[in-house]
Amino acid sequence: MKRNGLFISILVFVSLLTGCKSNSTESTDDNSTLTYGGKTYNIVQIGSQYWLKENLNIGSMIQSSQGTSSNGIIEKYCYNNDSNNCKIYGGLYQWNEAMEYSSVAGAQGICPSGWHIPTVAEYTTLNNTVNNVNALKAIGQGTGTGTGTNVSGFSAMLAGWGSNNSNFYGLDSTAVFWTSTASDKNDAGS
């Protein structure tokens with residue numbers, strides 16, 4: 001997403017991160033998957049929440065010099081304007097685009113049916129459950145004391161972010177996720 005000059009990656013999962021969270025609290029087996037937009041996403045339970053394990057990668061790529069619009073087409077950015085980066089790290093989205101131009105907390109946005117963009121409260125629950133953000137990062141993501149352990153099974157990739165000057169930053173070192181809470185749309189969690 002791009003808000004205050006930032007593109008942000010979105011993770012999909014049942015119930016969390018500016019990605020997609022499941023609307024369901026019913027248990028699922030550990031091998032559950034969801035196919036959305038031709039891609040299969042694994043589902044992971046963390047505490048009482050269900051999340052997509054992989055970063056969301058849905059929509060048509062546009063160049064970082066272009067803005068998104070409410071045109072019925074999901075538009076995404078790929079790090080360094082390279083579509084291969086979306087295949088590896090997921091898409092980068094402007095907040096309004098990810099929310100499908102809604103400002104309702106917990107809106108489905110670009111998430112699959114039965115899922116939604118997480119609220120601040122849902123992210124807080126996720127963070128409190130794992131007690132260490134490194135547990136949410138895929139192994140090999142980050143450096144030093146920020147290296148991912150993936151003990152939660154969440155598998156977040158550090159997809160970086162983009163600015164309104166069409167530059168990209170932080171690949172493999174930063175991940176920033178939007179919430180659907182409108183009062184927080186200018187601030188993303190990382």
# chains A, B, ... in the order shown; residues from 1 in each chain; ligands from 1

$ residues_around --residues "segment 124-132 of chain A" --least-positions-apart "2" --cutoff "7 Å" --atoms "only C-alpha atoms" --output "list in words"
Leu16, Gly47, Val120, Ala121, Glu122, Asn134, Ala135 and Ser152 of chain A

$ write_last_selection --atoms "C-alpha atoms" --output "short mmCIF file (atom, residue, chain, number, x, y, z; two decimals), in the first residue's frame"
data_model
loop_
_atom_site.label_atom_id
_atom_site.label_comp_id
_atom_site.auth_asym_id
_atom_site.auth_seq_id
_atom_site.Cartn_x
_atom_site.Cartn_y
_atom_site.Cartn_z
CA LEU A 16 -3.93 -11.02 11.63
CA GLY A 47 -3.27 -18.91 19.45
CA VAL A 120 -4.87 -3.14 15.27
CA ALA A 121 -6.39 -5.29 18.03
CA GLU A 122 -5.88 -8.46 15.98
CA ASN A 134 11.27 -13.03 15.07
CA ALA A 135 8.89 -15.98 15.57
CA SER A 152 5.14 -19.71 14.93
#

$ residues_around --residues "Asp172 of chain A" --least-positions-apart "4" --cutoff "12 Å" --atoms "only C-alpha atoms" --output "PDB file with N, CA and C atoms, in the first residue's frame"
ATOM      1  N   TYR A  79       8.646  -5.121  -5.670  1.00  0.00           N
ATOM      2  CA  TYR A  79       9.898  -4.486  -5.277  1.00  0.00           C
ATOM      3  C   TYR A  79      10.786  -4.277  -6.506  1.00  0.00           C
ATOM      4  N   ASN A  85      10.025 -10.428  -7.842  1.00  0.00           N
ATOM      5  CA  ASN A  85      10.008 -10.124  -6.409  1.00  0.00           C
ATOM      6  C   ASN A  85       8.625 -10.355  -5.809  1.00  0.00           C
ATOM      7  N   ILE A  88       8.306 -14.061  -5.050  1.00  0.00           N
ATOM      8  CA  ILE A  88       9.086 -14.475  -3.873  1.00  0.00           C
ATOM      9  C   ILE A  88       8.528 -13.865  -2.593  1.00  0.00           C
ATOM     10  N   TYR A  89       8.298 -12.541  -2.587  1.00  0.00           N
ATOM     11  CA  TYR A  89       7.996 -11.800  -1.372  1.00  0.00           C
ATOM     12  C   TYR A  89       6.540 -11.384  -1.229  1.00  0.00           C
ATOM     13  N   LYS A 137       8.808 -14.350  11.436  1.00  0.00           N
ATOM     14  CA  LYS A 137       9.617 -14.216  10.219  1.00  0.00           C
ATOM     15  C   LYS A 137      10.094 -15.571   9.736  1.00  0.00           C
ATOM     16  N   ALA A 138      10.119 -15.728   8.416  1.00  0.00           N
ATOM     17  CA  ALA A 138      10.661 -16.951   7.824  1.00  0.00           C
ATOM     18  C   ALA A 138      12.138 -17.094   8.199  1.00  0.00           C
ATOM     19  N   ILE A 139      12.594 -18.312   8.309  1.00  0.00           N
ATOM     20  CA  ILE A 139      14.005 -18.573   8.599  1.00  0.00           C
ATOM     21  C   ILE A 139      14.843 -17.957   7.485  1.00  0.00           C
ATOM     22  N   GLY A 140      15.915 -17.284   7.864  1.00  0.00           N
ATOM     23  CA  GLY A 140      16.793 -16.636   6.899  1.00  0.00           C
ATOM     24  C   GLY A 140      16.424 -15.182   6.639  1.00  0.00           C
ATOM     25  N   GLN A 141      15.293 -14.719   7.174  1.00  0.00           N
ATOM     26  CA  GLN A 141      14.883 -13.332   7.006  1.00  0.00           C
ATOM     27  C   GLN A 141      15.372 -12.517   8.198  1.00  0.00           C
ATOM     28  N   GLY A 142      15.963 -11.365   7.927  1.00  0.00           N
ATOM     29  CA  GLY A 142      16.502 -10.507   8.973  1.00  0.00           C
ATOM     30  C   GLY A 142      17.949 -10.848   9.269  1.00  0.00           C
ATOM     31  N   THR A 143      18.540 -10.051  10.165  1.00  0.00           N
ATOM     32  CA  THR A 143      19.945 -10.255  10.523  1.00  0.00           C
ATOM     33  C   THR A 143      20.130 -10.074  12.028  1.00  0.00           C
ATOM     34  N   GLY A 146      17.621  -9.813  14.966  1.00  0.00           N
ATOM     35  CA  GLY A 146      16.337  -9.738  14.270  1.00  0.00           C
ATOM     36  C   GLY A 146      16.116 -10.868  13.285  1.00  0.00           C
ATOM     37  N   THR A 147      16.932 -11.920  13.357  1.00  0.00           N
ATOM     38  CA  THR A 147      16.812 -13.038  12.425  1.00  0.00           C
ATOM     39  C   THR A 147      15.572 -13.869  12.729  1.00  0.00           C
ATOM     40  N   GLY A 148      14.842 -14.212  11.672  1.00  0.00           N
ATOM     41  CA  GLY A 148      13.618 -14.992  11.826  1.00  0.00           C
ATOM     42  C   GLY A 148      13.870 -16.403  12.302  1.00  0.00           C
ATOM     43  N   ALA A 156       6.601 -15.027   7.527  1.00  0.00           N
ATOM     44  CA  ALA A 156       6.639 -13.701   6.898  1.00  0.00           C
ATOM     45  C   ALA A 156       7.965 -13.482   6.184  1.00  0.00           C
ATOM     46  N   MET A 157       7.864 -12.976   4.961  1.00  0.00           N
ATOM     47  CA  MET A 157       9.035 -12.589   4.178  1.00  0.00           C
ATOM     48  C   MET A 157       9.212 -11.086   4.321  1.00  0.00           C
ATOM     49  N   LEU A 158      10.440 -10.643   4.467  1.00  0.00           N
ATOM     50  CA  LEU A 158      10.730  -9.218   4.634  1.00  0.00           C
ATOM     51  C   LEU A 158      10.768  -8.579   3.256  1.00  0.00           C
ATOM     52  N   ALA A 159       9.597  -8.120   2.817  1.00  0.00           N
ATOM     53  CA  ALA A 159       9.366  -7.671   1.442  1.00  0.00           C
ATOM     54  C   ALA A 159       9.754  -6.223   1.185  1.00  0.00           C
ATOM     55  N   GLY A 160      10.232  -5.506   2.207  1.00  0.00           N
ATOM     56  CA  GLY A 160      10.627  -4.115   2.022  1.00  0.00           C
ATOM     57  C   GLY A 160       9.433  -3.198   1.861  1.00  0.00           C
ATOM     58  N   TRP A 161       9.692  -2.010   1.329  1.00  0.00           N
ATOM     59  CA  TRP A 161       8.646  -1.013   1.124  1.00  0.00           C
ATOM     60  C   TRP A 161       9.084  -0.046   0.049  1.00  0.00           C
ATOM     61  N   PHE A 168      12.588   1.935  -3.698  1.00  0.00           N
ATOM     62  CA  PHE A 168      12.259   0.823  -2.819  1.00  0.00           C
ATOM     63  C   PHE A 168      13.370   0.652  -1.794  1.00  0.00           C
ATOM     64  N   VAL A 176       6.573  -4.313   6.580  1.00  0.00           N
ATOM     65  CA  VAL A 176       5.629  -3.391   7.201  1.00  0.00           C
ATOM     66  C   VAL A 176       4.241  -3.808   6.752  1.00  0.00           C
TER      67      VAL A 176
END

$ select_by_dssp --residues "chain A" --states "strand (DSSP E)" --output "MDAnalysis selection string"
chainID A and resid 6:9 11:12 19:22 33:36 39:46 49:52 60:61 75:76 92:93 115:116 159:163 168:171

$ write_last_selection --atoms "C-alpha atoms" --output "mmCIF file, in the first residue's frame"
data_model
loop_
_atom_site.group_PDB
_atom_site.id
_atom_site.type_symbol
_atom_site.label_atom_id
_atom_site.label_comp_id
_atom_site.auth_asym_id
_atom_site.auth_seq_id
_atom_site.Cartn_x
_atom_site.Cartn_y
_atom_site.Cartn_z
ATOM 1 C CA LEU A 6 4.888 4.107 1.614
ATOM 2 C CA PHE A 7 4.011 0.906 -0.216
ATOM 3 C CA ILE A 8 3.377 -1.867 2.260
ATOM 4 C CA SER A 9 3.338 -5.618 1.867
ATOM 5 C CA LEU A 11 0.332 -10.971 4.487
ATOM 6 C CA VAL A 12 -2.602 -13.235 4.233
ATOM 7 C CA GLY A 19 -2.525 -9.332 5.306
ATOM 8 C CA CYS A 20 -5.544 -11.408 5.634
ATOM 9 C CA LYS A 21 -7.091 -12.895 8.715
ATOM 10 C CA SER A 22 -9.757 -15.543 8.750
ATOM 11 C CA THR A 33 -4.658 -24.518 2.385
ATOM 12 C CA LEU A 34 -6.594 -21.914 0.465
ATOM 13 C CA THR A 35 -6.365 -21.242 -3.255
ATOM 14 C CA TYR A 36 -6.834 -17.599 -4.188
ATOM 15 C CA LYS A 39 -1.928 -19.343 -5.805
ATOM 16 C CA THR A 40 -2.140 -21.791 -2.916
ATOM 17 C CA TYR A 41 -1.666 -20.299 0.541
ATOM 18 C CA ASN A 42 -1.018 -22.367 3.650
ATOM 19 C CA ILE A 43 -3.037 -21.611 6.771
ATOM 20 C CA VAL A 44 -1.490 -21.478 10.237
ATOM 21 C CA GLN A 45 -3.157 -21.221 13.634
ATOM 22 C CA ILE A 46 -1.447 -18.925 16.138
ATOM 23 C CA GLN A 49 -6.321 -16.857 15.248
ATOM 24 C CA TYR A 50 -5.857 -18.277 11.753
ATOM 25 C CA TRP A 51 -3.544 -16.620 9.248
ATOM 26 C CA LEU A 52 -2.233 -17.226 5.774
ATOM 27 C CA SER A 60 -1.905 -6.782 -11.553
ATOM 28 C CA MET A 61 1.525 -5.220 -11.225
ATOM 29 C CA GLU A 75 -3.193 -3.118 -8.421
ATOM 30 C CA LYS A 76 0.057 -4.065 -6.723
ATOM 31 C CA LEU A 92 3.212 -4.271 -2.106
ATOM 32 C CA TYR A 93 -0.065 -2.354 -1.797
ATOM 33 C CA TRP A 115 -10.859 -13.370 5.334
ATOM 34 C CA HIS A 116 -10.175 -9.713 6.099
ATOM 35 C CA ALA A 159 9.366 -7.671 1.442
ATOM 36 C CA GLY A 160 10.627 -4.115 2.022
ATOM 37 C CA TRP A 161 8.646 -1.013 1.124
ATOM 38 C CA GLY A 162 8.446 1.733 -1.486
ATOM 39 C CA SER A 163 8.268 5.501 -1.268
ATOM 40 C CA PHE A 168 12.259 0.823 -2.819
ATOM 41 C CA TYR A 169 13.949 0.059 0.505
ATOM 42 C CA GLY A 170 14.521 -2.722 3.009
ATOM 43 C CA LEU A 171 14.226 -5.940 0.992
#

$ select_by_dssp --residues "segment 7-187 of chain A" --states "helix (DSSP H, G or I)" --output "PyMOL selection string"
chain A and resi 79-81+83-89+95-98+120-130+133-136+144-146+182-184

$ atom_distance --atom1 "atom CA of Glu97 of chain A" --atom2 "atom CA of Ser173 of chain A"
24.2 Å

$ atom_distance --atom1 "atom CA of Ser83 of chain A" --atom2 "atom CA of Ser69 of chain A"
19.9 Å

$ residues_around --residues "Ala107 of chain A" --least-positions-apart "3" --cutoff "7 Å" --atoms "only C-alpha atoms" --output "number ranges by chain"
A: 99, 104, 116-117, 180

$ write_last_selection --atoms "C-alpha atoms" --output "short mmCIF file (atom, residue, chain, number, x, y, z; two decimals), in the first residue's frame"
data_model
loop_
_atom_site.label_atom_id
_atom_site.label_comp_id
_atom_site.auth_asym_id
_atom_site.auth_seq_id
_atom_site.Cartn_x
_atom_site.Cartn_y
_atom_site.Cartn_z
CA MET A 99 -8.86 -1.98 1.66
CA VAL A 104 -14.31 0.02 7.74
CA HIS A 116 -10.17 -9.71 6.10
CA ILE A 117 -7.46 -7.11 6.61
CA SER A 180 -7.60 -1.99 8.59
#

$ closest_residue --among "A:Gln94, A:Asn23, A:Thr149, A:Ser32" --to "Ser64 of chain A" --atoms "only C-alpha atoms"
A:Gln94

$ atom_distance --atom1 "atom CA of Gln108 of chain A" --atom2 "atom CA of Glu54 of chain A"
17.3 Å
